[in-house]
There are 2 protein chains.
Amino acid sequence: MLDLKILRELEETLGRGRVKTDMESLISYSYDGTFQERLPDAVVKAHDVSEVSNIMKISGAYGVPVVPRGAGTGLSGGVVPLKGGIVLEMTAFNKIIEINMRNKYAIVEPGVYTNDFAEAVEKVGLFYPPDPASSKSSTLGGNVAECAGGPRGVKYGVTKDYVMGLELVLPDGEILNVGNMVDGETGWFDLPLLLTGSEGTLGIITKIIFRLIDNPEHKQTLLAKYDQVIDAGKTVSSIIKNGVIPTTLEIMDRTTIQAVENFLKIGLDTEKDAFLLLEVDGSKYEVAKQLEQVKQICLECGAVEVETASTKEESDRLWKARRSISGACGKINPTKIGEDATVPRSKIPEMIVRLREIAKKYQLKMVIFGHAGDGNLHPNILTDKRNSEEMERVEKAVSELFNAAVSLGGTLSGEHGIGYMKAPFLKMEMGETGYQTLKKVKEVFDPKGVLNPGKMFMDEEMF
Amino acid sequence: MLDLKILRELEETLGRGRVKTDMESLISYSYDGTFQERLPDAVVKAHDVSEVSNIMKISGAYGVPVVPRGAGTGLSGGVVPLKGGIVLEMTAFNKIIEINMRNKYAIVEPGVYTNDFAEAVEKVGLFYPPDPASSKSSTLGGNVAECAGGPRGVKYGVTKDYVMGLELVLPDGEILNVGNMVDGETGWFDLPLLLTGSEGTLGIITKIIFRLIDNPEHKQTLLAKYDQVIDAGKTVSSIIKNGVIPTTLEIMDRTTIQAVENFLKIGLDTEKDAFLLLEVDGSKYEVAKQLEQVKQICLECGAVEVETASTKEESDRLWKARRSISGACGKINPTKIGEDATVPRSKIPEMIVRLREIAKKYQLKMVIFGHAGDGNLHPNILTDKRNSEEMERVEKAVSELFNAAVSLGGTLSGEHGIGYMKAPFLKMEMGETGYQTLKKVKEVFDPKGVLNPGKMFMDEEMF
């Protein structure tokens, strides 16, 4: 519970009734897309940058934690208020300020929904590629904070590849502007990119400048089916090696296919061990050429069937299965622990083998799907958080899974961020010196530790 | 002059005769590609990471400045030992450790020449795009430290777009490894990118992991000639607006054309006000299509003549003029002050007008050439540093030029870095909060200020 004095100061700044402390509000802001919950002490919704600045001045002065929050769809626990304090809702920052067609950039507020922005950009003939699965319900601020990815990452990169500039509010209320509208060559060290993926631990994002690119003329989808998941893994390596860069290169393993079929009943071939779902884009000529190349490689690597979509309807049907995975998994078990550990693409077959071993060893239900083209396999454990015995096994499996990824030269997080869920593993990947360096950078921005405490950097008392 | 005790400790660590203090060595390491000179107190050449670590431990303990140096070709004064101390030569770090074809990355040491690396990569069928004009004589470590660019930046980005990981030695001798071999999606905040472009102020680079891409199948060159430079500027805007991304999009103004023709005598049309030199790449089909599009746009925007090269020889002839600019300018005046202030691409025509006004106002010889596709115009003032009256005018002109770039929404440095030359202007671009934040980040890595002092951050006493 916050000191009354602090609550009063907040209300004086923002106006009567703007600081919520009723139980309903606190519960509504206690969780995100993970399974951790913690009640905040207060919830406020800021309407402009000066309000954010005033809130930060108060929280900074009293050392009260502030957790910035967009839509709360995160998968690493970024907006769970682990140490209480104030949840700062940013969804009122919902304006697309400018889409500049000549210089191909956009200036937006962080509360804009990702998909709304992507559609607005497409309407003027440009393209904002990052496409997290949550894009209809997640906000751009959250995407930047967690450096969201998506299926198109294999060809078009992730959110950080499109961040040119940011406006942030620092814990002392100062407003920091970094970056600009010039693309390509900004020499010296790159604060916008340091801040992208900083998970609300360095500042509160109040404005974003995104780079935009040209829309591809055409695209086409291909579905390849395998009797052995390992052959699907080999196909991914071979496609990349052969210099074809598909727009998306998604994998679904047998358990995933079965889960989706149970859920949708659309006649998926549940006897198959894996599907690869590919999209290629470019000019009409390029698309036809790439599609033929990709098809050839799939067959050489052991695909037993290859289907191509020639109309938008056919393509939508193929994609429907991929888009329904999360919902389908929810039908099997109430708790889904989705990881995004990522390995070099040539290690995909090995990682699949290891993941299956881990699932077997701990007797857990695991589905494997995701952005194989990036080496980001999304192993998801389907469990029930009320079953504490099984959750213990889950924890051990997750730890082994991270170890496997890092030992194969990979990384803990492809696109979900570290949050609280991967904080205990950050040191394993970064090493002691790297970890301490990162922590000191955090202290530069947030000397009192009021910004989203317990995230990225493990707080010993919490674990 | 370094304390004898320090010199002795260095020699004990490295071995007899390895610490140079003779005048010839000191003079050889007193300058770079700019016009500033300052003698170091000692020069040492490290052979492996443990030597670098030992040198840093000694310099850290005694607070002696260390300036890491590759080939010394920099254009912002990055390796000029402004405060004396030790110049640390890194050219013995000259091994390409691995080129991984399956996962498309390379691990290299920082002393490898950029062009040697690019050729080794090409030999195995891959592509390392950054191509600073100095690539035959500059090293990869220097390229990373300054975030070098080059003509291909417009399509392929700059050095930072290819840095996946780094090994650095910190001022206390600790070895820091950041990043990894996984491409595309590493979520949380990005130390490799913070360190790229850090100009030797945060750590000594001892190893680099570069991302590689596939080689384009074909390329073709086009030269467009203009009676009005402003029309060349309009062409650039129009090409970008129309969604064609050429590999290179270079501009040369009348003074540049004349300087090159005087130097080479190859029959360039010196009556023209500007040339645009373009290359497009991709599949044969794509190249033909893009070339036609680009040609059309050039003519629509006022090009009076368009020439395309159909053989490698013809293309080399067209590129020869561009490659000879630096040498040609040297024939006109002994000192060339080359800037790389960059503006949004739609502002190119306006920036050209402003640059010509500035040159006229201060009665200076100015050539304009460079990476127009990035908005990076490379205004170069041709002068003589021994003429102090003229140098005063140069300084005023440079200051106005930076102001013009920033006021048009641009940036101080496209690819040369800040060094000492642009340090006085950094605050103008970043604002007070940004500048102080960057400075505090510097202090995290280098609390005693031993790493390349006086660079990026202006040292009041020096100016």
# chains A, B, ... in the order shown; residues from 1 in each chain; ligands from 1
>>> residues_around(residues="Asp384 of chain B", least_positions_apart="2", cutoff="7 Å", atoms="only C-alpha atoms", output="PyMOL selection string")
chain B and resi 333-335+386-387
>>> write_last_selection(atoms="N, CA and C atoms", output="PDB file, in the first residue's frame")
ATOM      1  N   ASN B 333      44.033  21.359 -53.515  1.00  0.00           N
ATOM      2  CA  ASN B 333      44.490  22.008 -52.284  1.00  0.00           C
ATOM      3  C   ASN B 333      45.042  20.934 -51.349  1.00  0.00           C
ATOM      4  N   PRO B 334      46.040  21.258 -50.550  1.00  0.00           N
ATOM      5  CA  PRO B 334      46.660  20.206 -49.733  1.00  0.00           C
ATOM      6  C   PRO B 334      45.757  19.677 -48.628  1.00  0.00           C
ATOM      7  N   THR B 335      44.816  20.482 -48.134  1.00  0.00           N
ATOM      8  CA  THR B 335      43.986  20.031 -47.009  1.00  0.00           C
ATOM      9  C   THR B 335      42.533  19.857 -47.453  1.00  0.00           C
ATOM     10  N   ARG B 386      47.797  25.502 -43.435  1.00  0.00           N
ATOM     11  CA  ARG B 386      48.803  26.492 -43.055  1.00  0.00           C
ATOM     12  C   ARG B 386      48.278  27.921 -43.185  1.00  0.00           C
ATOM     13  N   ASN B 387      47.151  28.076 -43.900  1.00  0.00           N
ATOM     14  CA  ASN B 387      46.552  29.389 -44.067  1.00  0.00           C
ATOM     15  C   ASN B 387      45.540  29.622 -42.940  1.00  0.00           C
TER      16      ASN B 387
END
>>> residues_around(residues="segment 66-69 of chain B", least_positions_apart="6", cutoff="7 Å", atoms="only C-alpha atoms", output="short mmCIF file (atom, residue, chain, number, x, y, z; two decimals) with all heavy atoms, in the first residue's frame")
data_model
loop_
_atom_site.label_atom_id
_atom_site.label_comp_id
_atom_site.auth_asym_id
_atom_site.auth_seq_id
_atom_site.Cartn_x
_atom_site.Cartn_y
_atom_site.Cartn_z
N VAL B 79 41.82 8.29 -33.96
CA VAL B 79 43.05 7.69 -33.39
C VAL B 79 44.15 8.72 -33.13
O VAL B 79 45.29 8.36 -32.84
CB VAL B 79 43.60 6.55 -34.28
CG1 VAL B 79 42.57 5.44 -34.40
CG2 VAL B 79 44.03 7.04 -35.64
N PRO B 81 46.12 10.80 -30.76
CA PRO B 81 46.24 10.73 -29.28
C PRO B 81 46.22 12.12 -28.65
O PRO B 81 47.25 12.62 -28.19
CB PRO B 81 47.59 10.03 -29.09
CG PRO B 81 48.38 10.30 -30.32
CD PRO B 81 47.39 10.49 -31.45
N GLY B 85 49.71 9.67 -24.02
CA GLY B 85 49.48 8.30 -23.55
C GLY B 85 49.98 7.29 -24.56
O GLY B 85 50.89 7.56 -25.35
N ILE B 86 49.33 6.11 -24.51
CA ILE B 86 49.80 4.98 -25.31
C ILE B 86 48.94 4.81 -26.55
O ILE B 86 47.71 4.74 -26.45
CB ILE B 86 49.70 3.68 -24.47
CG1 ILE B 86 50.52 3.83 -23.19
CG2 ILE B 86 50.15 2.47 -25.28
CD1 ILE B 86 50.17 2.79 -22.12
N VAL B 87 49.58 4.75 -27.72
CA VAL B 87 48.84 4.28 -28.90
C VAL B 87 49.01 2.77 -28.96
O VAL B 87 50.13 2.25 -28.92
CB VAL B 87 49.34 4.94 -30.20
CG1 VAL B 87 48.76 4.22 -31.42
CG2 VAL B 87 48.94 6.41 -30.25
N LEU B 88 47.88 2.07 -29.02
CA LEU B 88 47.89 0.61 -29.01
C LEU B 88 47.59 0.11 -30.41
O LEU B 88 46.44 0.18 -30.88
CB LEU B 88 46.82 0.12 -28.01
CG LEU B 88 46.56 -1.37 -27.89
CD1 LEU B 88 47.85 -2.13 -27.56
CD2 LEU B 88 45.51 -1.64 -26.82
N GLU B 89 48.62 -0.36 -31.10
CA GLU B 89 48.41 -0.80 -32.48
C GLU B 89 47.83 -2.19 -32.51
O GLU B 89 48.34 -3.12 -31.86
CB GLU B 89 49.74 -0.77 -33.25
CG GLU B 89 49.47 -0.43 -34.70
CD GLU B 89 50.44 -1.01 -35.66
OE1 GLU B 89 51.61 -0.60 -35.65
OE2 GLU B 89 50.01 -1.89 -36.44
N MET B 90 46.76 -2.38 -33.29
CA MET B 90 46.01 -3.63 -33.29
C MET B 90 46.15 -4.41 -34.60
O MET B 90 45.44 -5.38 -34.81
CB MET B 90 44.53 -3.33 -33.02
CG MET B 90 44.25 -2.72 -31.66
SD MET B 90 44.66 -3.84 -30.29
CE MET B 90 43.41 -5.10 -30.52
N GLY B 200 36.41 3.54 -29.78
CA GLY B 200 37.50 3.26 -28.84
C GLY B 200 37.32 3.89 -27.49
O GLY B 200 38.24 3.91 -26.68
N ILE B 204 38.45 -2.01 -25.97
CA ILE B 204 39.33 -2.31 -27.11
C ILE B 204 38.78 -3.56 -27.79
O ILE B 204 38.73 -4.64 -27.17
CB ILE B 204 40.77 -2.61 -26.64
CG1 ILE B 204 41.26 -1.55 -25.64
CG2 ILE B 204 41.70 -2.77 -27.84
CD1 ILE B 204 41.73 -0.27 -26.23
N VAL B 450 40.36 6.61 -19.30
CA VAL B 450 41.63 6.33 -19.97
C VAL B 450 41.45 5.96 -21.45
O VAL B 450 42.40 6.01 -22.23
CB VAL B 450 42.44 5.18 -19.27
CG1 VAL B 450 42.82 5.59 -17.86
CG2 VAL B 450 41.68 3.87 -19.27
N LEU B 451 40.22 5.59 -21.83
CA LEU B 451 40.03 5.13 -23.21
C LEU B 451 39.76 6.28 -24.17
O LEU B 451 38.71 6.91 -24.12
CB LEU B 451 38.89 4.12 -23.28
CG LEU B 451 39.27 2.68 -22.93
CD1 LEU B 451 38.03 1.82 -22.81
CD2 LEU B 451 40.21 2.10 -23.98
N ASN B 452 40.73 6.54 -25.03
CA ASN B 452 40.60 7.53 -26.11
C ASN B 452 40.00 8.85 -25.63
O ASN B 452 39.01 9.33 -26.21
CB ASN B 452 39.77 6.93 -27.25
CG ASN B 452 40.19 7.50 -28.59
OD1 ASN B 452 41.10 8.32 -28.69
ND2 ASN B 452 39.52 7.07 -29.65
#
>>> select_by_dssp(residues="segment 295-457 of chain B", states="alpha helix (DSSP H)", output="ChimeraX atom specification")
/B:295-300,312-323,325-332,348-361,388-407,426-445
>>> write_last_selection(atoms="C-alpha atoms", output="mmCIF file, in the first residue's frame")
data_model
loop_
_atom_site.group_PDB
_atom_site.id
_atom_site.type_symbol
_atom_site.label_atom_id
_atom_site.label_comp_id
_atom_site.auth_asym_id
_atom_site.auth_seq_id
_atom_site.Cartn_x
_atom_site.Cartn_y
_atom_site.Cartn_z
ATOM 1 C CA LYS B 295 16.491 5.496 -66.221
ATOM 2 C CA GLN B 296 12.921 6.701 -66.658
ATOM 3 C CA ILE B 297 12.971 8.568 -63.348
ATOM 4 C CA CYS B 298 16.315 10.223 -64.169
ATOM 5 C CA LEU B 299 14.958 11.522 -67.470
ATOM 6 C CA GLU B 300 11.694 12.681 -65.909
ATOM 7 C CA LYS B 312 32.297 -5.001 -66.402
ATOM 8 C CA GLU B 313 34.882 -2.847 -68.221
ATOM 9 C CA GLU B 314 32.339 -0.162 -69.012
ATOM 10 C CA SER B 315 31.110 -0.225 -65.456
ATOM 11 C CA ASP B 316 34.670 0.057 -64.103
ATOM 12 C CA ARG B 317 35.229 3.072 -66.346
ATOM 13 C CA LEU B 318 32.132 4.785 -64.938
ATOM 14 C CA TRP B 319 33.201 4.022 -61.372
ATOM 15 C CA LYS B 320 36.775 5.168 -61.922
ATOM 16 C CA ALA B 321 35.769 8.817 -61.670
ATOM 17 C CA ARG B 322 33.993 8.253 -58.362
ATOM 18 C CA ARG B 323 36.908 6.326 -56.893
ATOM 19 C CA ILE B 325 37.686 11.922 -56.111
ATOM 20 C CA SER B 326 39.862 11.944 -53.006
ATOM 21 C CA GLY B 327 43.102 11.838 -54.982
ATOM 22 C CA ALA B 328 41.830 14.471 -57.400
ATOM 23 C CA CYS B 329 40.870 16.869 -54.598
ATOM 24 C CA GLY B 330 44.331 16.474 -53.109
ATOM 25 C CA LYS B 331 45.764 17.938 -56.317
ATOM 26 C CA ILE B 332 43.759 21.153 -55.890
ATOM 27 C CA ILE B 348 18.763 16.777 -50.452
ATOM 28 C CA PRO B 349 17.875 19.562 -52.913
ATOM 29 C CA GLU B 350 17.517 22.015 -50.010
ATOM 30 C CA MET B 351 20.791 20.892 -48.421
ATOM 31 C CA ILE B 352 22.656 21.346 -51.724
ATOM 32 C CA VAL B 353 21.373 24.916 -51.980
ATOM 33 C CA ARG B 354 22.429 25.632 -48.401
ATOM 34 C CA LEU B 355 25.884 24.128 -48.895
ATOM 35 C CA ARG B 356 26.506 26.266 -51.976
ATOM 36 C CA GLU B 357 25.408 29.344 -50.044
ATOM 37 C CA ILE B 358 27.769 28.514 -47.196
ATOM 38 C CA ALA B 359 30.707 28.015 -49.583
ATOM 39 C CA LYS B 360 29.932 31.329 -51.259
ATOM 40 C CA LYS B 361 29.483 33.222 -47.986
ATOM 41 C CA SER B 388 45.179 30.291 -40.663
ATOM 42 C CA GLU B 389 42.938 33.090 -41.907
ATOM 43 C CA GLU B 390 41.234 30.708 -44.335
ATOM 44 C CA MET B 391 41.037 27.989 -41.658
ATOM 45 C CA GLU B 392 39.021 30.373 -39.485
ATOM 46 C CA ARG B 393 36.516 30.740 -42.303
ATOM 47 C CA VAL B 394 36.533 26.956 -42.735
ATOM 48 C CA GLU B 395 35.631 26.486 -39.088
ATOM 49 C CA LYS B 396 32.705 28.866 -39.348
ATOM 50 C CA ALA B 397 31.518 27.187 -42.539
ATOM 51 C CA VAL B 398 31.715 23.726 -40.944
ATOM 52 C CA SER B 399 29.726 24.886 -37.964
ATOM 53 C CA GLU B 400 27.031 26.326 -40.269
ATOM 54 C CA LEU B 401 27.014 23.144 -42.294
ATOM 55 C CA PHE B 402 26.321 21.022 -39.184
ATOM 56 C CA ASN B 403 23.598 23.450 -38.160
ATOM 57 C CA ALA B 404 22.011 23.147 -41.588
ATOM 58 C CA ALA B 405 22.025 19.330 -41.422
ATOM 59 C CA VAL B 406 20.557 19.153 -37.919
ATOM 60 C CA SER B 407 17.935 21.830 -38.664
ATOM 61 C CA LEU B 426 27.481 16.492 -30.307
ATOM 62 C CA LYS B 427 25.421 18.321 -27.712
ATOM 63 C CA MET B 428 23.679 20.309 -30.458
ATOM 64 C CA GLU B 429 22.346 17.084 -31.963
ATOM 65 C CA MET B 430 21.696 15.068 -28.803
ATOM 66 C CA GLY B 431 20.395 17.766 -26.487
ATOM 67 C CA GLU B 432 21.625 18.178 -22.919
ATOM 68 C CA THR B 433 19.846 15.098 -21.491
ATOM 69 C CA GLY B 434 20.989 12.843 -24.310
ATOM 70 C CA TYR B 435 24.538 14.092 -24.077
ATOM 71 C CA GLN B 436 24.714 13.600 -20.319
ATOM 72 C CA THR B 437 23.198 10.112 -20.633
ATOM 73 C CA LEU B 438 25.779 9.099 -23.219
ATOM 74 C CA LYS B 439 28.537 10.505 -21.049
ATOM 75 C CA LYS B 440 27.337 8.472 -18.067
ATOM 76 C CA VAL B 441 27.294 5.328 -20.202
ATOM 77 C CA LYS B 442 30.909 6.109 -21.103
ATOM 78 C CA GLU B 443 31.722 6.338 -17.375
ATOM 79 C CA VAL B 444 30.239 2.873 -16.783
ATOM 80 C CA PHE B 445 32.743 1.354 -19.161
#
>>> residues_around(residues="Gly414 of chain A", least_positions_apart="3", cutoff="12 Å", atoms="only C-alpha atoms", output="MDAnalysis selection string")
(chainID A and resid 75:76 132 146:151 153:154 157:159 197 338:344 370:379 402 405 410:411 417:418 422) or (chainID B and resid 182:188)
>>> write_last_selection(atoms="C-alpha atoms", output="JSON list (two decimals), in the first residue's frame")
[["chain", "number", "residue", "atom", "x", "y", "z"],
["A", 75, "LEU", "CA", 5.18, -13.43, -22.68],
["A", 76, "SER", "CA", 8.09, -12.88, -20.31],
["A", 132, "PRO", "CA", 4.19, -10.59, -33.55],
["A", 146, "GLU", "CA", 10.42, -6.29, -25.67],
["A", 147, "CYS", "CA", 11.87, -6.08, -29.21],
["A", 148, "ALA", "CA", 9.03, -8.16, -30.61],
["A", 149, "GLY", "CA", 9.59, -10.36, -33.64],
["A", 150, "GLY", "CA", 7.22, -12.50, -35.66],
["A", 151, "PRO", "CA", 7.16, -14.87, -38.62],
["A", 153, "GLY", "CA", 11.75, -11.92, -38.90],
["A", 154, "VAL", "CA", 13.66, -14.34, -41.11],
["A", 157, "GLY", "CA", 14.25, -8.61, -39.03],
["A", 158, "VAL", "CA", 12.59, -7.62, -35.77],
["A", 159, "THR", "CA", 11.34, -4.44, -34.13],
["A", 197, "GLY", "CA", 14.36, -4.20, -25.84],
["A", 338, "GLY", "CA", 6.03, -20.62, -24.10],
["A", 339, "GLU", "CA", 9.73, -20.18, -24.57],
["A", 340, "ASP", "CA", 11.58, -18.51, -27.40],
["A", 341, "ALA", "CA", 15.14, -19.75, -26.98],
["A", 342, "THR", "CA", 16.84, -19.47, -30.35],
["A", 343, "VAL", "CA", 19.70, -21.45, -31.95],
["A", 344, "PRO", "CA", 21.84, -20.99, -35.08],
["A", 370, "GLY", "CA", 7.52, -21.15, -34.51],
["A", 371, "HIS", "CA", 9.99, -19.19, -36.53],
["A", 372, "ALA", "CA", 12.30, -21.95, -37.68],
["A", 373, "GLY", "CA", 13.84, -19.62, -40.25],
["A", 374, "ASP", "CA", 15.36, -17.68, -37.37],
["A", 375, "GLY", "CA", 16.26, -20.75, -35.35],
["A", 376, "ASN", "CA", 13.50, -19.67, -32.96],
["A", 377, "LEU", "CA", 11.61, -22.88, -32.25],
["A", 378, "HIS", "CA", 9.10, -21.80, -29.58],
["A", 379, "PRO", "CA", 9.04, -24.94, -27.45],
["A", 402, "PHE", "CA", 17.91, -22.70, -21.94],
["A", 405, "ALA", "CA", 20.10, -23.28, -26.55],
["A", 410, "GLY", "CA", 22.08, -19.64, -29.26],
["A", 411, "THR", "CA", 20.30, -17.12, -27.11],
["A", 417, "GLY", "CA", 12.32, -10.48, -23.85],
["A", 418, "ILE", "CA", 13.83, -11.50, -20.51],
["A", 422, "LYS", "CA", 14.38, -15.47, -17.89],
["B", 182, "VAL", "CA", 22.22, -16.10, -33.85],
["B", 183, "ASP", "CA", 20.83, -13.73, -36.40],
["B", 184, "GLY", "CA", 17.72, -11.66, -36.43],
["B", 185, "GLU", "CA", 16.04, -11.86, -33.10],
["B", 186, "THR", "CA", 17.97, -11.15, -29.98],
["B", 187, "GLY", "CA", 15.46, -9.44, -27.85],
["B", 188, "TRP", "CA", 16.78, -7.42, -24.98]]
>>> select_by_dssp(residues="segment 245-369 of chain A", states="strand (DSSP E or B)", output="VMD selection string")
chain A and resid 248 to 253 274 to 282 303 to 308 335 to 338 342 365 to 369
>>> closest_residue(among="B:Asp190, B:Asp22, B:Asp3, B:Glu261", to="chain A", atoms="only C-alpha atoms")
B:Asp190
>>> closest_residue(among="A:Leu166, A:Leu14, A:Leu249, A:Leu202", to="Asp48 of chain A", atoms="only C-alpha atoms")
A:Leu14
>>> closest_residue(among="B:Gly419, B:Pro424, B:Gly243, B:Gly282", to="chain A", atoms="only C-alpha atoms")
B:Gly243
>>> closest_residue(among="B:Lys83, B:Lys136, B:Lys448, B:His416", to="chain A", atoms="only C-alpha atoms")
B:His416
>>> decode(residues="segment 219-237 of chain B", atoms="N, CA, C and O atoms", output="CSV table (one decimal), in the first residue's frame")
chain,number,residue,atom,x,y,z
B,219,LYS,N,24.7,-7.4,-61.3
B,219,LYS,CA,24.6,-5.9,-61.1
B,219,LYS,C,24.8,-5.1,-62.3
B,219,LYS,O,25.5,-5.6,-63.2
B,220,GLN,N,24.3,-3.9,-62.3
B,220,GLN,CA,24.6,-3.1,-63.5
B,220,GLN,C,24.6,-1.6,-63.1
B,220,GLN,O,24.0,-1.2,-62.1
B,221,THR,N,25.4,-0.8,-63.9
B,221,THR,CA,25.7,0.6,-63.5
B,221,THR,C,25.1,1.5,-64.5
B,221,THR,O,25.0,1.2,-65.7
B,222,LEU,N,24.7,2.7,-64.0
B,222,LEU,CA,24.1,3.7,-64.8
B,222,LEU,C,24.6,5.1,-64.4
B,222,LEU,O,24.8,5.3,-63.2
B,223,LEU,N,24.9,5.9,-65.4
B,223,LEU,CA,25.4,7.3,-65.1
B,223,LEU,C,24.4,8.3,-65.7
B,223,LEU,O,24.1,8.2,-66.9
B,224,ALA,N,23.9,9.2,-64.9
B,224,ALA,CA,23.0,10.2,-65.4
B,224,ALA,C,23.7,11.5,-65.2
B,224,ALA,O,24.3,11.8,-64.2
B,225,LYS,N,23.5,12.4,-66.3
B,225,LYS,CA,24.2,13.7,-66.3
B,225,LYS,C,23.1,14.8,-66.2
B,225,LYS,O,22.1,14.7,-66.8
B,226,TYR,N,23.5,15.8,-65.5
B,226,TYR,CA,22.5,16.9,-65.2
B,226,TYR,C,23.1,18.3,-65.5
B,226,TYR,O,24.3,18.5,-65.2
B,227,ASP,N,22.2,19.2,-66.0
B,227,ASP,CA,22.6,20.6,-66.2
B,227,ASP,C,22.4,21.4,-64.9
B,227,ASP,O,23.0,22.5,-64.7
B,228,GLN,N,21.6,20.8,-64.0
B,228,GLN,CA,21.3,21.5,-62.7
B,228,GLN,C,21.4,20.4,-61.6
B,228,GLN,O,20.7,19.5,-61.6
B,229,VAL,N,22.3,20.7,-60.7
B,229,VAL,CA,22.5,19.8,-59.6
B,229,VAL,C,21.2,19.5,-58.8
B,229,VAL,O,21.0,18.4,-58.3
B,230,ILE,N,20.4,20.5,-58.7
B,230,ILE,CA,19.1,20.4,-58.0
B,230,ILE,C,18.3,19.3,-58.6
B,230,ILE,O,17.5,18.6,-57.9
B,231,ASP,N,18.4,19.1,-59.9
B,231,ASP,CA,17.6,18.0,-60.6
B,231,ASP,C,18.1,16.6,-60.2
B,231,ASP,O,17.4,15.7,-60.1
B,232,ALA,N,19.4,16.6,-60.0
B,232,ALA,CA,20.0,15.3,-59.5
B,232,ALA,C,19.5,15.0,-58.1
B,232,ALA,O,19.1,13.9,-57.8
B,233,GLY,N,19.4,16.0,-57.3
B,233,GLY,CA,18.8,15.9,-55.9
B,233,GLY,C,17.4,15.4,-56.0
B,233,GLY,O,16.9,14.5,-55.3
B,234,LYS,N,16.6,16.0,-56.9
B,234,LYS,CA,15.2,15.6,-57.1
B,234,LYS,C,15.1,14.1,-57.5
B,234,LYS,O,14.2,13.4,-57.1
B,235,THR,N,16.0,13.7,-58.4
B,235,THR,CA,16.0,12.3,-58.9
B,235,THR,C,16.2,11.4,-57.7
B,235,THR,O,15.5,10.4,-57.6
B,236,VAL,N,17.1,11.7,-56.8
B,236,VAL,CA,17.3,10.8,-55.6
B,236,VAL,C,16.0,10.7,-54.8
B,236,VAL,O,15.6,9.5,-54.5
B,237,SER,N,15.4,11.8,-54.5
B,237,SER,CA,14.1,11.7,-53.8
B,237,SER,C,13.1,10.9,-54.5
B,237,SER,O,12.4,10.1,-53.9
